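Okay, coords00.pdb now, which holds PDB, C-alpha atoms:
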```
ATOM      1  CA  MET A1223       0.000   0.000   0.000
ATOM      2  CA  ARG A1224       1.475   3.339  -1.063
ATOM      3  CA  CYS A1225       2.090   5.820   1.775
ATOM      4  CA  PRO A1226      -0.174   8.902   1.439
ATOM      5  CA  PHE A1227       2.552  11.078   3.016
ATOM      6  CA  CYS A1228       5.736  10.215   1.111
ATOM      7  CA  GLY A1229       4.516   7.907  -1.680
ATOM      8  CA  ASN A1230       6.692   4.968  -0.640
ATOM      9  CA  PRO A1231       5.131   1.711  -1.910
ATOM     10  CA  ASP A1232       6.086  -0.298   1.188
ATOM     11  CA  SER A1233       4.140  -0.250   4.439
ATOM     12  CA  GLN A1234       3.725  -2.597   7.351
ATOM     13  CA  VAL A1235       0.371  -3.666   8.805
ATOM     14  CA  LYS A1236       0.322  -2.905  12.536
ATOM     15  CA  ASP A1237      -3.278  -3.869  13.340
ATOM     16  CA  SER A1238      -6.226  -5.446  11.492
ATOM     17  CA  ARG A1239      -9.803  -5.720  12.629
ATOM     18  CA  PRO A1240     -13.164  -6.347  10.980
ATOM     19  CA  ASN A1241     -15.861  -3.688  11.010
ATOM     20  CA  GLU A1242     -19.287  -3.065   9.460
ATOM     21  CA  GLU A1243     -20.605  -6.444  10.512
ATOM     22  CA  GLY A1244     -17.598  -8.202   8.989
ATOM     23  CA  SER A1245     -18.031  -6.731   5.501
ATOM     24  CA  ALA A1246     -14.804  -4.725   5.703
ATOM     25  CA  ILE A1247     -11.384  -4.900   7.323
ATOM     26  CA  ARG A1248      -9.735  -1.867   8.846
ATOM     27  CA  ARG A1249      -5.944  -1.986   8.730
ATOM     28  CA  ARG A1250      -3.622   0.339  10.619
ATOM     29  CA  ARG A1251      -0.349   0.686   8.675
ATOM     30  CA  ALA A1252       3.077   2.262   9.155
ATOM     31  CA  CYS A1253       5.243   3.504   6.300
ATOM     32  CA  LEU A1254       8.645   1.792   6.234
ATOM     33  CA  SER A1255      10.273   4.939   4.830
ATOM     34  CA  CYS A1256       8.902   7.946   6.738
ATOM     35  CA  GLY A1257       7.333   6.130   9.714
ATOM     36  CA  GLN A1258       3.933   7.869   9.375
ATOM     37  CA  ARG A1259       0.856   5.851  10.296
ATOM     38  CA  PHE A1260      -2.353   5.660   8.277
ATOM     39  CA  THR A1261      -5.525   3.583   8.031
ATOM     40  CA  THR A1262      -6.875   1.623   5.071
ATOM     41  CA  VAL A1263     -10.230  -0.116   4.671
ATOM     42  CA  GLU A1264     -10.705  -3.205   2.516
ATOM     43  CA  ARG A1265     -14.146  -4.269   1.261
ATOM     44  CA  VAL A1266     -15.345  -7.088  -0.927
ATOM     45  CA  GLN A1267     -16.281  -5.783  -4.351
ATOM     46  CA  LEU A1268     -18.552  -8.133  -6.250
ATOM     47  CA  ARG A1269     -18.338  -6.333  -9.593
ATOM     48  CA  GLU A1270     -17.089  -3.097 -11.063
ATOM     49  CA  LEU A1271     -20.037  -0.718 -11.303
ATOM     50  CA  VAL A1272     -20.293   2.036 -13.897
ATOM     51  CA  VAL A1273     -22.533   5.036 -13.267
ATOM     52  CA  VAL A1274     -24.530   6.339 -16.227
ATOM     53  CA  LYS A1275     -25.150  10.056 -15.780
ATOM     54  CA  GLN A1276     -28.204  11.902 -17.071
ATOM     55  CA  ASP A1277     -26.290  13.277 -20.052
ATOM     56  CA  GLY A1278     -25.142   9.767 -21.013
ATOM     57  CA  ARG A1279     -21.565  10.045 -19.726
ATOM     58  CA  ARG A1280     -20.190   7.051 -17.854
ATOM     59  CA  ALA A1281     -17.946   7.074 -14.802
ATOM     60  CA  VAL A1282     -16.595   4.489 -12.390
ATOM     61  CA  PHE A1283     -18.816   4.148  -9.316
ATOM     62  CA  GLU A1284     -17.323   5.829  -6.238
ATOM     63  CA  ARG A1285     -18.688   4.789  -2.857
ATOM     64  CA  GLU A1286     -17.216   7.931  -1.314
ATOM     65  CA  LYS A1287     -19.542  10.186  -3.348
ATOM     66  CA  ILE A1288     -22.625   8.600  -1.782
ATOM     67  CA  THR A1289     -21.015   8.735   1.648
ATOM     68  CA  ARG A1290     -20.187  12.430   1.233
ATOM     69  CA  SER A1291     -23.743  13.260   0.075
ATOM     70  CA  ILE A1292     -25.303  11.418   2.985
ATOM     71  CA  ARG A1293     -22.938  13.075   5.478
ATOM     72  CA  ILE A1294     -23.947  16.493   4.130
ATOM     73  CA  ALA A1295     -27.658  15.639   4.361
ATOM     74  CA  LEU A1296     -27.234  14.366   7.918
ATOM     75  CA  ARG A1297     -24.891  17.124   9.137
ATOM     76  CA  LYS A1298     -25.755  18.113  12.721
ATOM     77  CA  ARG A1299     -28.355  15.342  12.919
ATOM     78  CA  PRO A1300     -28.323  12.587  15.580
ATOM     79  CA  VAL A1301     -27.039   9.886  13.205
ATOM     80  CA  SER A1302     -23.726   8.193  13.983
ATOM     81  CA  GLU A1303     -20.887   7.712  11.531
ATOM     82  CA  GLU A1304     -21.365   3.962  11.953
ATOM     83  CA  ARG A1305     -25.010   4.266  10.885
ATOM     84  CA  ILE A1306     -23.989   6.318   7.838
ATOM     85  CA  GLU A1307     -21.557   3.557   6.834
ATOM     86  CA  GLN A1308     -24.347   0.986   7.257
ATOM     87  CA  ILE A1309     -26.623   3.045   4.995
ATOM     88  CA  VAL A1310     -23.942   3.320   2.305
ATOM     89  CA  THR A1311     -23.099  -0.378   2.543
ATOM     90  CA  GLY A1312     -26.795  -1.223   2.132
ATOM     91  CA  ILE A1313     -27.089   0.972  -0.969
ATOM     92  CA  VAL A1314     -23.936  -0.515  -2.519
ATOM     93  CA  ARG A1315     -25.127  -4.055  -1.789
ATOM     94  CA  GLN A1316     -28.467  -3.337  -3.481
ATOM     95  CA  LEU A1317     -26.662  -1.989  -6.551
ATOM     96  CA  GLU A1318     -24.328  -4.988  -6.711
ATOM     97  CA  ALA A1319     -27.154  -7.456  -6.116
ATOM     98  CA  SER A1320     -29.073  -6.080  -9.094
ATOM     99  CA  GLY A1321     -26.681  -7.937 -11.381
ATOM    100  CA  GLU A1322     -26.240  -4.882 -13.607
ATOM    101  CA  THR A1323     -22.796  -3.514 -14.358
ATOM    102  CA  GLU A1324     -24.203  -0.098 -15.304
ATOM    103  CA  VAL A1325     -26.456   1.857 -12.991
ATOM    104  CA  ALA A1326     -28.210   5.186 -13.620
ATOM    105  CA  THR A1327     -27.606   8.092 -11.275
ATOM    106  CA  THR A1328     -31.376   8.279 -10.817
ATOM    107  CA  ARG A1329     -31.361   4.744  -9.345
ATOM    108  CA  ILE A1330     -28.591   5.675  -6.912
ATOM    109  CA  GLY A1331     -30.483   8.832  -5.915
ATOM    110  CA  GLU A1332     -33.738   6.949  -5.337
ATOM    111  CA  LEU A1333     -32.032   4.267  -3.230
ATOM    112  CA  THR A1334     -30.328   6.974  -1.187
ATOM    113  CA  MET A1335     -33.608   8.834  -0.650
ATOM    114  CA  ASP A1336     -35.349   5.616   0.403
ATOM    115  CA  ALA A1337     -32.596   4.862   2.912
ATOM    116  CA  LEU A1338     -32.584   8.382   4.343
ATOM    117  CA  LYS A1339     -36.381   8.381   4.645
ATOM    118  CA  GLU A1340     -36.113   5.393   7.000
ATOM    119  CA  VAL A1341     -33.333   6.952   9.103
ATOM    120  CA  ASP A1342     -33.946  10.697   9.419
ATOM    121  CA  SER A1343     -36.728  12.788   7.906
ATOM    122  CA  VAL A1344     -34.725  16.035   7.999
ATOM    123  CA  GLY A1345     -31.806  14.373   6.207
ATOM    124  CA  TYR A1346     -34.258  12.979   3.682
ATOM    125  CA  VAL A1347     -35.699  16.423   2.914
ATOM    126  CA  ARG A1348     -32.218  17.960   2.692
ATOM    127  CA  PHE A1349     -31.061  15.296   0.226
ATOM    128  CA  ALA A1350     -34.302  15.479  -1.762
ATOM    129  CA  SER A1351     -34.010  19.267  -2.070
ATOM    130  CA  VAL A1352     -30.660  18.921  -3.835
ATOM    131  CA  TYR A1353     -31.397  15.702  -5.714
ATOM    132  CA  ARG A1354     -34.734  16.949  -7.059
ATOM    133  CA  ASP A1355     -33.419  20.495  -7.528
ATOM    134  CA  PHE A1356     -35.972  22.351  -5.400
ATOM    135  CA  ARG A1357     -36.390  25.941  -6.602
ATOM    136  CA  GLU A1358     -39.220  27.291  -4.445
ATOM    137  CA  ALA A1359     -40.677  26.900  -0.967
ATOM    138  CA  ARG A1360     -43.627  25.137  -2.598
ATOM    139  CA  ASP A1361     -41.285  22.234  -3.500
ATOM    140  CA  PHE A1362     -40.523  21.720   0.194
ATOM    141  CA  SER A1363     -44.194  21.946   1.066
ATOM    142  CA  GLU A1364     -45.069  19.262  -1.483
ATOM    143  CA  ILE A1365     -42.505  16.760  -0.198
ATOM    144  CA  LEU A1366     -43.535  17.386   3.421
ATOM    145  CA  THR A1367     -47.177  16.771   2.465
ATOM    146  CA  LEU A1368     -46.169  13.505   0.782
ATOM    147  CA  MET A1369     -44.245  12.476   3.902
ATOM    148  CA  GLU A1370     -47.178  13.283   6.167
ATOM    149  CA  ASN A1371     -49.571  11.343   3.942
ATOM    150  CA  SER A1372     -47.306   8.292   3.828
ATOM    151  CA  ALA A1373     -46.907   8.410   7.626
ATOM    152  CA  ALA A1374     -50.683   8.622   8.096
ATOM    153  CA  HIS A1375     -51.323   5.794   5.591
ATOM    154  CA  PRO A1376     -48.364   3.406   5.725
ATOM    155  CA  THR A1377     -48.243   0.824   2.961
ATOM    156  CA  GLU A1378     -48.350  -2.788   3.965
TER     157      GLU A1378
END
```

Could you spell out this file's structure in structure tokens?
Amino acid sequence: MRCPFCGNPDSQVKDSRPNEEGSAIRRRRACLSCGQRFTTVERVQLRELVVVKQDGRRAVFEREKITRSIRIALRKRPVSEERIEQIVTGIVRQLEASGETEVATTRIGELTMDALKEVDSVGYVRFASVYRDFREARDFSEILTLMENSAAHPTE
């Protein structure tokens, strides 16, 4: 593993432990050249996913982009970092389980909204306002009305 501080390709693993219910391994490493310590996380990747954007461009799927978006939506909300990682892992697993190698950004956005709706309603509205490009207060009112209606009449 290349050192993020000096670029040396050799490092030594000091500690390894599973996290996220055993779906990832956290490794604490030390650079053999500069001595700096850093952490890496290894996850099983079932297949390489390609994201198809609305304009047709394709890009390699980046888990960190979903994580960053969810962190922004849940900023200053009572949701732990561990729970955020669980949400992201669930979304990634759903995408991988679909069997598709290409996934539309709209699918990723919908899965993220569904997950946030279950965890934190404020985070859900924050994410939806960016994802659905809210332009007026009426847009917020409409989504809040939908949320209230779905809470009053849960689907079985």

Open item on the list: Could you check the closest approach to Cys1256 of chain A for each of A:Phe1362, A:Phe1356, A:Phe1349, A:Phe1227 and tell me which residue wins, using only C-alpha atoms?
Closed with: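 The closest residue to Cys1256 of chain A is A:Phe1227.
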
Open item on the list: For a quick check of understanding, using only C-alpha atoms, which of A:Ser1245, A:Gln1276, A:Ser1255, A:Thr1261 has the smallest distance to Pro1231 of chain A?
Closed with: A:Ser1255

Task: Nearby residues (all atoms listed in the file) at most 9 Å from Ile1288 of chain A, same-chain spacing under 5 positions excluded, as a list in words - done: Arg1293, Val1310, Ile1313, Ile1330, Gly1331 and Thr1334 of chain A

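Minimum distance to Gly1321 of chain A across A:Ala1246, A:Val1263, A:Cys1228, A:Leu1271 (counting all atoms listed in the file) occurs at A:Leu1271.
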
- [ ] Provide the atom CA of Glu1303 of chain A to atom CA of Asp1342 of chain A distance in Å, to one decimal place.
- [x]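 According to the coordinates, atom CA of Glu1303 of chain A and atom CA of Asp1342 of chain A are separated by 13.6 Å.
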
TODO: Please write the residues picked by the PyMOL selection byres ((chain A and resi 1249) around 6) on this file as a count of residues only.
DONE: 6

Open item on the list: Taking all atoms listed in the file into account, name the residue in A:Arg1329, A:Arg1290, A:Lys1236, A:Arg1305 that is nearest to Gly1257 of chain A.
Closed with: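 Under the stated criterion, the closest residue is A:Lys1236.
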
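The residues returned by the PyMOL selection byres ((chain A and resi 1272-1275) around 12) for this structure are Arg1269, Glu1270, Leu1271, Gln1276, Asp1277, Gly1278, Arg1279, Arg1280, Ala1281, Val1282, Phe1283, Glu1284, Arg1285, Lys1287, Leu1317, Glu1318, Glu1322, Thr1323, Glu1324, Val1325, Ala1326, Thr1327, Thr1328, Arg1329, Ile1330 and Gly1331 of chain A.
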
- [ ] Name the residues that the PyMOL selection byres ((chain A and resi 1252) around 8) picks from the file above, as a count of residues only, using the file's chain letters and numbers.
- [x] 12

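Relative to atom CA of Leu1368 of chain A, atom CA of Asp1355 of chain A is found at 16.7 Å.
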
Task: Between atom CA of Ile1309 of chain A and atom CA of Ala1337 of chain A - distance in Å to one decimal - done: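 Computing the Euclidean distance for atom CA of Ala1337 of chain A and atom CA of Ile1309 of chain A yields 6.6 Å.
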
Open item on the list: I'd like to know which of A:Ile1247, A:Val1344, A:Met1335, A:Val1314 is closest to Arg1297 of chain A, using all atoms listed in the file.
Closed with: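 The answer is A:Val1344, which sits nearest to Arg1297 of chain A.
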
Task: Among the residues A:Asn1230, A:Gln1308, A:Ser1291, A:Ser1320, the one that comes closest to Tyr1346 of chain A [using only C-alpha atoms] - done: A:Ser1291

Quick one: axis-aligned box around all listed atoms of segment 1306-1318 of chain A, 8 Å on every side, centre and edge lengths in Å to one decimal, written as JSON.
```
{"center_x": -25.0, "center_y": 0.7, "center_z": 0.6, "size_x": 22.9, "size_y": 27.3, "size_z": 30.5}
```
